[in-house]
>>> print(open('model22.csv').read())   # CSV, C-alpha atoms
chain,number,residue,atom,x,y,z
Y,1,MET,CA,-3.6,30.5,12.1
Y,2,THR,CA,-2.0,27.3,10.9
Y,3,LEU,CA,-0.6,24.6,13.0
Y,4,ASN,CA,3.1,23.6,12.9
Y,5,ILE,CA,3.1,20.0,14.0
Y,6,LEU,CA,5.9,17.7,15.1
Y,7,ILE,CA,5.2,13.9,14.7
Y,8,VAL,CA,7.5,11.7,16.8
Y,9,ASP,CA,7.3,7.9,16.2
Y,10,ASP,CA,10.0,5.3,15.4
Y,11,SER,CA,7.8,3.8,12.7
Y,12,ALA,CA,8.0,5.7,9.4
Y,13,VAL,CA,4.8,4.1,8.3
Y,14,MET,CA,3.0,5.2,11.5
Y,15,ARG,CA,4.3,8.8,11.0
Y,16,ALA,CA,3.0,8.7,7.4
Y,17,MET,CA,-0.4,7.4,8.6
Y,18,ILE,CA,-0.7,10.2,11.2
Y,19,LEU,CA,0.3,12.7,8.5
Y,20,LYS,CA,-2.2,11.2,6.0
Y,21,THR,CA,-4.9,11.4,8.8
Y,22,MET,CA,-4.1,15.0,9.5
Y,23,HIS,CA,-4.5,15.8,5.8
Y,24,MET,CA,-7.9,14.0,5.8
Y,25,THR,CA,-9.2,16.5,8.4
Y,26,ASP,CA,-10.0,20.1,7.8
Y,27,LEU,CA,-7.5,21.4,10.3
Y,28,PRO,CA,-5.4,24.3,9.2
Y,29,LEU,CA,-2.0,22.7,8.8
Y,30,GLY,CA,1.3,24.6,8.6
Y,31,GLU,CA,4.7,22.9,8.5
Y,32,ILE,CA,4.8,19.2,9.5
Y,33,TYR,CA,8.1,18.0,11.0
Y,34,GLN,CA,9.0,14.4,11.7
Y,35,ALA,CA,11.3,12.7,14.2
Y,36,ALA,CA,12.1,9.0,14.9
Y,37,ASN,CA,12.6,9.3,18.7
Y,38,GLY,CA,12.4,11.7,21.6
Y,39,GLN,CA,15.9,13.1,21.1
Y,40,GLU,CA,15.3,13.9,17.5
Y,41,GLY,CA,12.1,15.5,18.5
Y,42,LEU,CA,13.8,17.8,21.0
Y,43,ASP,CA,16.3,18.8,18.3
Y,44,VAL,CA,13.4,20.0,16.1
Y,45,PHE,CA,12.4,22.6,18.8
Y,46,ASN,CA,15.8,24.2,18.5
Y,47,GLN,CA,15.2,24.9,14.8
Y,48,HIS,CA,11.5,25.4,14.3
Y,49,TRP,CA,8.4,26.8,15.9
Y,50,ILE,CA,6.0,24.0,16.9
Y,51,ASP,CA,2.4,24.4,17.9
Y,52,LEU,CA,1.5,20.8,18.6
Y,53,VAL,CA,3.4,17.5,19.3
Y,54,ILE,CA,2.0,14.1,18.4
Y,55,ALA,CA,4.2,11.4,19.9
Y,56,ASP,CA,4.6,7.7,20.5
Y,57,ILE,CA,5.8,6.4,23.8
Y,58,ASN,CA,7.9,3.3,23.1
Y,59,MET,CA,10.8,4.5,21.0
Y,60,PRO,CA,14.6,3.8,21.0
Y,61,VAL,CA,17.2,6.4,22.1
Y,62,MET,CA,14.7,8.5,24.0
Y,63,ASN,CA,11.1,7.4,24.7
Y,64,GLY,CA,8.2,9.7,24.5
Y,65,GLU,CA,7.7,10.1,28.2
Y,66,GLU,CA,11.2,11.3,28.7
Y,67,MET,CA,10.8,13.7,25.8
Y,68,ILE,CA,7.7,15.1,27.5
Y,69,ASP,CA,9.6,15.4,30.8
Y,70,ARG,CA,12.4,17.3,29.0
Y,71,MET,CA,9.9,19.6,27.3
Y,72,GLN,CA,8.3,20.4,30.6
Y,73,GLU,CA,11.7,21.4,32.1
Y,74,ASN,CA,12.2,23.9,29.3
Y,75,PRO,CA,10.2,27.2,29.5
Y,76,ASP,CA,10.2,27.4,25.7
Y,77,THR,CA,8.5,24.1,25.2
Y,78,LYS,CA,6.5,23.4,28.4
Y,79,GLU,CA,3.3,24.9,27.2
Y,80,ILE,CA,3.2,23.1,23.8
Y,81,PRO,CA,0.2,20.8,23.7
Y,82,ILE,CA,1.1,17.1,23.4
Y,83,ILE,CA,-1.0,14.2,22.1
Y,84,VAL,CA,0.4,10.7,22.8
Y,85,VAL,CA,-0.6,8.1,20.2
Y,86,SER,CA,0.4,4.7,21.5
Y,87,THR,CA,-0.6,1.1,22.0
Y,88,GLU,CA,0.0,1.5,25.8
Y,89,GLY,CA,-2.7,-0.4,27.6
Y,90,SER,CA,-1.7,0.2,31.2
Y,91,LYS,CA,-4.1,2.5,33.1
Y,92,THR,CA,-1.3,3.5,35.4
Y,93,ARG,CA,0.9,4.6,32.6
Y,94,ILE,CA,-1.8,6.4,30.7
Y,95,GLU,CA,-2.9,8.3,33.9
Y,96,ARG,CA,0.8,9.3,34.5
Y,97,LEU,CA,1.0,10.8,31.0
Y,98,GLN,CA,-2.3,12.6,31.4
Y,99,TYR,CA,-1.1,14.0,34.8
Y,100,LYS,CA,1.8,15.4,32.8
Y,101,GLY,CA,-0.7,17.2,30.6
Y,102,ALA,CA,-0.7,14.9,27.5
Y,103,ARG,CA,-3.8,13.7,25.8
Y,104,PHE,CA,-3.9,10.0,25.0
Y,105,ILE,CA,-5.1,8.3,21.8
Y,106,HIS,CA,-5.0,4.6,21.6
Y,107,LYS,CA,-3.7,2.8,18.5
Y,108,PRO,CA,-5.3,1.9,16.2
Y,109,PHE,CA,-7.0,5.3,15.8
Y,110,SER,CA,-9.7,6.8,13.6
Y,111,PRO,CA,-9.2,10.1,11.7
Y,112,GLU,CA,-12.1,11.5,13.7
Y,113,ILE,CA,-10.4,10.9,17.0
Y,114,ILE,CA,-7.2,12.6,15.8
Y,115,ARG,CA,-9.2,15.6,14.4
Y,116,ASP,CA,-11.4,16.0,17.5
Y,117,THR,CA,-8.5,15.7,19.9
Y,118,VAL,CA,-6.4,18.2,18.0
Y,119,ARG,CA,-9.4,20.6,17.9
Y,120,ASP,CA,-10.0,20.1,21.6
Y,121,ILE,CA,-6.4,20.6,22.7
Y,122,THR,CA,-5.7,23.6,20.4
Y,123,GLY,CA,-9.1,25.2,20.2
Y,124,ILE,CA,-8.5,25.5,16.4
Y,125,GLY,CA,-11.3,24.8,14.0
Y,126,VAL,CA,-14.0,24.4,16.6
Y,127,SER,CA,-15.9,27.4,15.4
Y,128,ASP,CA,-16.0,26.0,11.9
Y,129,GLU,CA,-18.5,23.2,12.9
A,1,MET,CA,-9.0,-21.1,29.1
A,2,SER,CA,-7.2,-21.9,25.8
A,3,GLU,CA,-10.4,-21.3,23.9
A,4,GLN,CA,-10.9,-17.9,25.6
A,5,LEU,CA,-7.3,-17.0,24.8
A,6,LYS,CA,-7.7,-17.9,21.2
A,7,GLU,CA,-10.9,-15.9,20.9
A,8,ILE,CA,-9.2,-12.9,22.4
A,9,LEU,CA,-6.2,-13.1,20.1
A,10,SER,CA,-8.4,-13.6,17.1
A,11,ARG,CA,-10.6,-10.7,18.0
A,12,VAL,CA,-7.8,-8.3,18.8
A,13,ALA,CA,-5.9,-9.2,15.6
A,14,GLY,CA,-9.1,-8.8,13.5
A,15,GLU,CA,-10.0,-5.5,15.0
A,16,THR,CA,-6.4,-4.2,14.6
A,17,LEU,CA,-6.2,-5.2,10.9
A,18,GLU,CA,-9.6,-3.7,10.2
A,19,LYS,CA,-9.0,-0.4,11.9
A,20,LEU,CA,-5.3,-0.1,10.9
A,21,ALA,CA,-5.3,-1.4,7.4
A,22,PHE,CA,-9.0,-1.7,6.4
A,23,MET,CA,-8.4,-5.5,6.0
A,24,PHE,CA,-10.9,-8.1,7.0
A,25,SER,CA,-9.7,-11.4,8.5
A,26,PHE,CA,-11.5,-14.7,8.9
A,27,PRO,CA,-10.4,-17.7,11.1
A,28,GLU,CA,-9.0,-20.7,9.2
A,29,ASP,CA,-8.7,-23.3,11.8
A,30,GLU,CA,-8.8,-26.2,9.4
A,31,ARG,CA,-5.8,-25.4,7.3
A,32,GLY,CA,-2.2,-26.4,8.1
A,33,THR,CA,0.4,-24.0,9.3
A,34,ILE,CA,1.6,-21.3,6.9
A,35,ILE,CA,4.1,-22.2,4.2
A,36,LEU,CA,7.3,-20.7,5.4
A,37,ASP,CA,9.0,-20.7,2.0
A,38,SER,CA,6.8,-17.7,1.0
A,39,ALA,CA,6.3,-16.0,4.3
A,40,VAL,CA,7.9,-13.4,6.6
A,41,ALA,CA,7.5,-13.2,10.3
A,42,ALA,CA,7.6,-10.5,13.0
A,43,THR,CA,8.1,-11.2,16.7
A,44,ILE,CA,7.6,-9.1,19.7
A,45,SER,CA,8.4,-10.0,23.3
A,46,PHE,CA,6.9,-8.6,26.5
A,47,VAL,CA,7.6,-8.7,30.3
A,48,GLY,CA,5.1,-8.0,33.0
A,49,PRO,CA,3.0,-10.2,35.4
A,50,PHE,CA,3.9,-12.9,32.9
A,51,SER,CA,6.4,-12.8,30.0
A,52,GLY,CA,6.2,-14.1,26.5
A,53,THR,CA,6.5,-13.6,22.8
A,54,LEU,CA,4.0,-13.1,20.0
A,55,VAL,CA,5.0,-14.3,16.5
A,56,MET,CA,3.1,-13.2,13.5
A,57,THR,CA,3.8,-14.9,10.2
A,58,VAL,CA,2.2,-13.7,7.0
A,59,SER,CA,2.3,-14.7,3.3
A,60,ASN,CA,4.7,-12.6,1.3
A,61,GLN,CA,1.9,-11.5,-0.9
A,62,LEU,CA,0.1,-9.9,2.0
A,63,LEU,CA,2.9,-7.5,2.8
A,64,PRO,CA,2.6,-5.0,-0.1
A,65,GLU,CA,-1.2,-4.8,0.5
A,66,LEU,CA,-0.8,-4.3,4.2
A,67,ALA,CA,1.7,-1.5,3.8
A,68,ALA,CA,-0.3,0.1,0.9
A,69,ASN,CA,-3.5,0.1,2.9
A,70,MET,CA,-1.8,1.7,5.9
A,71,LEU,CA,-0.2,4.3,3.8
A,72,GLY,CA,-3.1,4.9,1.4
A,73,VAL,CA,-1.1,4.3,-1.7
A,74,ASP,CA,-1.0,1.6,-4.4
A,75,ASP,CA,0.6,-1.8,-3.6
A,76,GLU,CA,3.4,-1.3,-6.1
A,77,GLU,CA,4.4,2.0,-4.6
A,78,THR,CA,5.6,0.5,-1.3
A,79,THR,CA,9.2,-0.4,-0.6
A,80,LEU,CA,10.3,-3.5,1.3
A,81,ASP,CA,11.4,-1.3,4.2
A,82,GLN,CA,7.9,0.1,4.4
A,83,GLN,CA,6.3,-3.3,4.1
A,84,HIS,CA,8.5,-4.6,7.0
A,85,ASP,CA,7.7,-1.4,9.0
A,86,ALA,CA,4.0,-2.0,8.4
A,87,LEU,CA,4.2,-5.6,9.7
A,88,LYS,CA,6.2,-4.5,12.8
A,89,GLU,CA,3.7,-1.7,13.6
A,90,THR,CA,0.8,-4.2,13.1
A,91,ILE,CA,2.2,-6.8,15.5
A,92,ASN,CA,3.1,-4.0,17.9
A,93,ILE,CA,-0.5,-2.8,18.0
A,94,ILE,CA,-1.9,-6.3,18.3
A,95,CYS,CA,0.4,-7.0,21.2
A,96,GLY,CA,-0.3,-3.7,22.9
A,97,ASN,CA,-4.0,-4.4,22.7
A,98,LEU,CA,-3.8,-8.1,23.5
A,99,LEU,CA,-2.0,-7.9,26.9
A,100,PRO,CA,-4.6,-5.7,28.6
A,101,ALA,CA,-7.3,-7.9,27.1
A,102,ILE,CA,-5.7,-10.9,28.7
A,103,ALA,CA,-4.4,-9.5,32.0
A,104,GLY,CA,-6.5,-6.4,32.5
A,105,LYS,CA,-5.8,-2.7,32.3
A,106,GLU,CA,-4.4,-2.3,35.9
A,107,VAL,CA,-1.2,-4.3,35.2
A,108,VAL,CA,2.0,-2.9,33.5
A,109,PHE,CA,3.9,-4.7,30.7
A,110,ASN,CA,7.1,-3.6,29.1
A,111,ILE,CA,7.0,-4.4,25.4
A,112,ASP,CA,10.2,-4.8,23.3
A,113,ALA,CA,10.6,-3.3,19.8
A,114,PRO,CA,9.2,-5.7,17.2
A,115,VAL,CA,11.7,-7.6,15.0
A,116,ILE,CA,11.4,-8.9,11.4
A,117,ILE,CA,12.4,-12.5,10.8
A,118,ALA,CA,12.9,-13.5,7.2
A,119,GLY,CA,13.9,-16.9,5.8
A,120,VAL,CA,12.5,-20.4,6.5
A,121,GLU,CA,15.2,-21.5,8.9
A,122,ALA,CA,15.2,-18.2,10.8
A,123,ILE,CA,11.4,-18.4,11.3
A,124,LYS,CA,11.6,-22.0,12.3
A,125,LYS,CA,14.3,-21.2,14.9
A,126,VAL,CA,12.2,-18.5,16.4
A,127,ILE,CA,9.3,-20.8,16.9
A,128,GLU,CA,11.4,-23.8,18.0
A,129,ASP,CA,13.5,-21.9,20.4
A,130,HIS,CA,10.6,-21.7,22.9
A,131,ASP,CA,10.7,-24.4,25.5
A,132,ASN,CA,6.9,-24.6,25.7
A,133,LYS,CA,4.2,-24.9,23.2
A,134,PRO,CA,2.2,-21.8,22.1
A,135,ALA,CA,-0.5,-20.9,24.6
A,136,SER,CA,-2.6,-20.0,21.6
A,137,ILE,CA,-2.4,-20.4,17.8
A,138,VAL,CA,-4.7,-18.4,15.5
A,139,LYS,CA,-4.8,-19.0,11.8
A,140,LEU,CA,-6.4,-16.2,9.7
A,141,ASN,CA,-7.3,-15.7,6.1
A,142,ILE,CA,-6.7,-12.0,5.3
A,143,GLU,CA,-7.7,-10.9,1.8
A,144,GLU,CA,-7.0,-14.5,0.4
A,145,SER,CA,-3.6,-14.5,2.1
A,146,GLU,CA,-2.5,-16.5,5.2
A,147,CYS,CA,-1.5,-15.2,8.6
A,148,ASP,CA,-0.5,-17.3,11.6
A,149,LEU,CA,-0.3,-15.8,15.1
A,150,LEU,CA,1.5,-17.8,17.8
A,151,LEU,CA,1.4,-16.6,21.4
A,152,PHE,CA,4.0,-18.0,23.7
A,153,ILE,CA,3.6,-17.4,27.4
A,154,ASN,CA,6.3,-18.3,30.0
A,155,GLY,CA,5.0,-19.6,33.3
A,156,LYS,CA,1.5,-19.4,34.7
A,157,PHE,CA,-1.0,-16.7,33.9
A,158,THR,CA,-4.7,-16.1,34.5
A,159,LEU,CA,-7.2,-14.3,32.4
A,160,ALA,CA,-8.6,-11.1,33.8
A,161,SER,CA,-12.3,-11.3,34.4
>>> encode(input="model22.csv", output="structure tokens")
Amino acid sequence: MTLNILIVDDSAVMRAMILKTMHMTDLPLGEIYQAANGQEGLDVFNQHWIDLVIADINMPVMNGEEMIDRMQENPDTKEIPIIVVSTEGSKTRIERLQYKGARFIHKPFSPEIIRDTVRDITGIGVSDE
Amino acid sequence: MSEQLKEILSRVAGETLEKLAFMFSFPEDERGTIILDSAVAATISFVGPFSGTLVMTVSNQLLPELAANMLGVDDEETTLDQQHDALKETINIICGNLLPAIAGKEVVFNIDAPVIIAGVEAIKKVIEDHDNKPASIVKLNIEESECDLLLFINGKFTLAS
């Protein structure tokens, strides 16, 4: 099985960094889609099958938390695993995201953190260790 | 308290640059402020238990290297848009890590989107528009290039223990 991944971040450089990091891991990658805000991210679900979402929180147009809320309202997207990659430092906000089912990775991140979190949340690649 | 604030800002900036762009920074307290003719700045404002703005000014020559290191490509392969995006993401991460280091993890801050400021007069205006002096100034040497960080804080604040 390969993973179709949606990366949502308003910074093109950060999206490229996450993509580069994903390629540095041995995870089985399928198609990688990119979006610059939550609304663009939601639009991708209408066109493509997504196995995993990696999203920022602070974005224009629609922030990451609202995108997560909208995903959870939709039966087609509510089970998709979500990893939030953000600079957010507030314990309150991080716990709120975790309560919504998202994993949290703090920026700046290491490739190992991304790899291990993706493995953990998807169960893919764990048996390869 | 100002020395503690300076130490926190210097440490957070150094850790961010190292982890994000594999760049090492060293304090350069003795030098003057950065030469604005050949520099670009980014600013980011925040509101929470206290409000303020972080201004990061870097030598033009640092930008391609910063972007290239973040993207994992050669310096000459990066566009100006990517270089500005890289600087914005860098100040965003510094600010995001700085505020909990100052105020603690229990408090909530709203952080605006970072903005690029180019041109001597525009950078001067951003710095001079603040009524108060910077709460902290950190001058760094990054890979033989200069970087100044100015933290403006409005009103009173206390450092978390």
>>> residues_around(input="model22.csv", residues="Phe26 of chain A", least_positions_apart="5", cutoff="7 Å", atoms="only C-alpha atoms", output="ChimeraX atom specification")
/A:140-142
>>> residues_around(input="model22.csv", residues="Lys156 of chain A", least_positions_apart="2", cutoff="10 Å", atoms="only C-alpha atoms", output="short mmCIF file (atom, residue, chain, number, x, y, z; two decimals) with C-alpha atoms, in the coordinates of the input")
data_model
loop_
_atom_site.label_atom_id
_atom_site.label_comp_id
_atom_site.auth_asym_id
_atom_site.auth_seq_id
_atom_site.Cartn_x
_atom_site.Cartn_y
_atom_site.Cartn_z
CA PRO A 49 3.00 -10.20 35.40
CA PHE A 50 3.90 -12.90 32.90
CA SER A 51 6.40 -12.80 30.00
CA ILE A 153 3.60 -17.40 27.40
CA ASN A 154 6.30 -18.30 30.00
CA THR A 158 -4.70 -16.10 34.50
#
>>> interface_residues(input="model22.csv", of="chain A", to="chain Y", cutoff="6 Å", atoms="all atoms listed in the file", output="MDAnalysis selection string")
chainID A and resid 20 71 93 96 100 105:106 108
>>> residues_around(input="model22.csv", residues="Thr2 of chain Y", least_positions_apart="5", cutoff="7 Å", atoms="only C-alpha atoms", output="PDB file with C-alpha atoms, in the coordinates of the input")
ATOM      1  CA  PRO Y  28      -5.400  24.300   9.200  1.00  0.00           C
ATOM      2  CA  LEU Y  29      -2.000  22.700   8.800  1.00  0.00           C
ATOM      3  CA  GLY Y  30       1.300  24.600   8.600  1.00  0.00           C
TER       4      GLY Y  30
END
>>> residues_near_point(input="model22.csv", point="(-0.2, -27.1, 8.7)", cutoff="12 Å", atoms="only C-alpha atoms", output="ChimeraX atom specification")
/A:28-36,137-139,146-148
>>> residues_around(input="model22.csv", residues="Arg115 of chain Y", least_positions_apart="6", cutoff="10 Å", atoms="only C-alpha atoms", output="PDB file with C-alpha atoms, in the frame of the given file")
ATOM      1  CA  THR Y  21      -4.900  11.400   8.800  1.00  0.00           C
ATOM      2  CA  MET Y  22      -4.100  15.000   9.500  1.00  0.00           C
ATOM      3  CA  HIS Y  23      -4.500  15.800   5.800  1.00  0.00           C
ATOM      4  CA  MET Y  24      -7.900  14.000   5.800  1.00  0.00           C
ATOM      5  CA  THR Y  25      -9.200  16.500   8.400  1.00  0.00           C
ATOM      6  CA  ASP Y  26     -10.000  20.100   7.800  1.00  0.00           C
ATOM      7  CA  LEU Y  27      -7.500  21.400  10.300  1.00  0.00           C
ATOM      8  CA  GLY Y 125     -11.300  24.800  14.000  1.00  0.00           C
TER       9      GLY Y 125
END
>>> closest_residue(input="model22.csv", among="A:Ile127, A:Leu159, A:Ile91, A:Met70", to="Ala113 of chain A", atoms="all atoms listed in the file")
A:Ile91
>>> residues_around(input="model22.csv", residues="Gln47 of chain Y", least_positions_apart="4", cutoff="12 Å", atoms="all atoms listed in the file", output="PyMOL selection string")
chain Y and resi 6+33+40-43
>>> closest_residue(input="model22.csv", among="A:Lys6, A:Gly48, A:Gly72, A:Val58", to="Leu99 of chain A", atoms="only C-alpha atoms")
A:Gly48
>>> closest_residue(input="model22.csv", among="A:Val120, A:Leu150, A:Leu66, A:Leu5", to="Asn132 of chain A", atoms="all atoms listed in the file")
A:Leu150
>>> atom_distance(input="model22.csv", atom1="atom CA of Tyr99 of chain Y", atom2="atom CA of Pro75 of chain Y")
18.2 Å
>>> atom_distance(input="model22.csv", atom1="atom CA of Lys88 of chain A", atom2="atom CA of Lys100 of chain Y")
28.6 Å
>>> atom_distance(input="model22.csv", atom1="atom CA of Thr78 of chain A", atom2="atom CA of Ile105 of chain Y")
26.6 Å
>>> decode(input="model22.csv", residues="segment 2-93 of chain Y", atoms="C-alpha atoms", output="JSON list (two decimals), in the first residue's frame")
[["chain", "number", "residue", "atom", "x", "y", "z"],
["Y", 2, "THR", "CA", 1.20, 3.49, -0.78],
["Y", 3, "LEU", "CA", 0.15, 6.67, 0.99],
["Y", 4, "ASN", "CA", -1.57, 9.48, -0.84],
["Y", 5, "ILE", "CA", -0.71, 12.56, 1.20],
["Y", 6, "LEU", "CA", -2.14, 16.06, 1.30],
["Y", 7, "ILE", "CA", 0.21, 18.78, 2.59],
["Y", 8, "VAL", "CA", -1.56, 22.00, 3.64],
["Y", 9, "ASP", "CA", 0.59, 25.01, 4.49],
["Y", 10, "ASP", "CA", 0.54, 28.62, 3.30],
["Y", 11, "SER", "CA", 4.32, 28.57, 2.94],
["Y", 12, "ALA", "CA", 5.45, 26.95, -0.32],
["Y", 13, "VAL", "CA", 8.92, 26.53, 1.19],
["Y", 14, "MET", "CA", 7.52, 24.67, 4.19],
["Y", 15, "ARG", "CA", 5.43, 22.43, 1.92],
["Y", 16, "ALA", "CA", 8.60, 21.67, -0.05],
["Y", 17, "MET", "CA", 10.48, 20.96, 3.19],
["Y", 18, "ILE", "CA", 7.81, 18.52, 4.36],
["Y", 19, "LEU", "CA", 7.81, 16.88, 0.94],
["Y", 20, "LYS", "CA", 11.61, 16.62, 0.97],
["Y", 21, "THR", "CA", 11.44, 15.15, 4.46],
["Y", 22, "MET", "CA", 8.85, 12.57, 3.36],
["Y", 23, "HIS", "CA", 11.15, 11.49, 0.53],
["Y", 24, "MET", "CA", 14.03, 11.11, 3.02],
["Y", 25, "THR", "CA", 12.05, 8.46, 4.88],
["Y", 26, "ASP", "CA", 11.42, 4.94, 3.66],
["Y", 27, "LEU", "CA", 7.66, 5.43, 3.77],
["Y", 28, "PRO", "CA", 5.73, 4.09, 0.76],
["Y", 29, "LEU", "CA", 4.63, 7.33, -0.87],
["Y", 30, "GLY", "CA", 1.87, 7.52, -3.45],
["Y", 31, "GLU", "CA", 0.59, 10.79, -4.84],
["Y", 32, "ILE", "CA", 1.44, 13.96, -2.93],
["Y", 33, "TYR", "CA", -1.02, 16.85, -3.19],
["Y", 34, "GLN", "CA", -0.45, 20.38, -1.92],
["Y", 35, "ALA", "CA", -2.76, 23.16, -0.76],
["Y", 36, "ALA", "CA", -2.04, 26.67, 0.54],
["Y", 37, "ASN", "CA", -4.95, 26.88, 3.00],
["Y", 38, "GLY", "CA", -7.74, 24.85, 4.55],
["Y", 39, "GLN", "CA", -10.27, 25.61, 1.83],
["Y", 40, "GLU", "CA", -7.89, 24.50, -0.91],
["Y", 41, "GLY", "CA", -7.24, 21.42, 1.17],
["Y", 42, "LEU", "CA", -10.94, 20.57, 1.38],
["Y", 43, "ASP", "CA", -11.23, 21.02, -2.39],
["Y", 44, "VAL", "CA", -8.59, 18.31, -2.90],
["Y", 45, "PHE", "CA", -10.81, 15.75, -1.13],
["Y", 46, "ASN", "CA", -13.44, 16.21, -3.84],
["Y", 47, "GLN", "CA", -10.99, 15.13, -6.53],
["Y", 48, "HIS", "CA", -8.55, 12.66, -4.98],
["Y", 49, "TRP", "CA", -8.32, 9.82, -2.49],
["Y", 50, "ILE", "CA", -6.23, 10.95, 0.49],
["Y", 51, "ASP", "CA", -4.76, 8.62, 3.15],
["Y", 52, "LEU", "CA", -3.05, 11.21, 5.33],
["Y", 53, "VAL", "CA", -3.21, 14.99, 5.89],
["Y", 54, "ILE", "CA", -0.25, 17.03, 7.10],
["Y", 55, "ALA", "CA", -1.45, 20.55, 7.91],
["Y", 56, "ASP", "CA", -0.37, 23.84, 9.40],
["Y", 57, "ILE", "CA", -2.74, 25.77, 11.67],
["Y", 58, "ASN", "CA", -2.18, 29.47, 11.03],
["Y", 59, "MET", "CA", -3.20, 30.02, 7.40],
["Y", 60, "PRO", "CA", -5.22, 32.66, 5.55],
["Y", 61, "VAL", "CA", -8.70, 32.02, 4.06],
["Y", 62, "MET", "CA", -9.32, 28.94, 6.23],
["Y", 63, "ASN", "CA", -7.04, 27.90, 9.07],
["Y", 64, "GLY", "CA", -6.05, 24.34, 9.81],
["Y", 65, "GLU", "CA", -8.34, 23.89, 12.82],
["Y", 66, "GLU", "CA", -11.41, 24.90, 10.81],
["Y", 67, "MET", "CA", -10.35, 22.50, 8.06],
["Y", 68, "ILE", "CA", -10.11, 19.70, 10.65],
["Y", 69, "ASP", "CA", -13.59, 20.60, 11.95],
["Y", 70, "ARG", "CA", -15.01, 20.49, 8.42],
["Y", 71, "MET", "CA", -13.29, 17.17, 7.75],
["Y", 72, "GLN", "CA", -14.85, 15.70, 10.87],
["Y", 73, "GLU", "CA", -18.32, 16.83, 9.80],
["Y", 74, "ASN", "CA", -17.95, 14.90, 6.54],
["Y", 75, "PRO", "CA", -18.37, 11.08, 6.74],
["Y", 76, "ASP", "CA", -15.99, 10.71, 3.77],
["Y", 77, "THR", "CA", -13.11, 12.53, 5.47],
["Y", 78, "LYS", "CA", -13.64, 12.19, 9.22],
["Y", 79, "GLU", "CA", -11.50, 9.05, 9.54],
["Y", 80, "ILE", "CA", -8.51, 10.41, 7.62],
["Y", 81, "PRO", "CA", -5.47, 10.69, 9.94],
["Y", 82, "ILE", "CA", -4.22, 14.25, 10.46],
["Y", 83, "ILE", "CA", -0.81, 15.46, 11.56],
["Y", 84, "VAL", "CA", -0.58, 19.13, 12.50],
["Y", 85, "VAL", "CA", 2.85, 20.65, 11.90],
["Y", 86, "SER", "CA", 2.87, 24.08, 13.49],
["Y", 87, "THR", "CA", 4.76, 26.61, 15.60],
["Y", 88, "GLU", "CA", 1.83, 26.69, 18.03],
["Y", 89, "GLY", "CA", 3.18, 26.83, 21.56],
["Y", 90, "SER", "CA", -0.02, 27.09, 23.58],
["Y", 91, "LYS", "CA", -0.69, 23.93, 25.56],
["Y", 92, "THR", "CA", -4.42, 24.74, 25.49],
["Y", 93, "ARG", "CA", -4.54, 24.90, 21.69]]
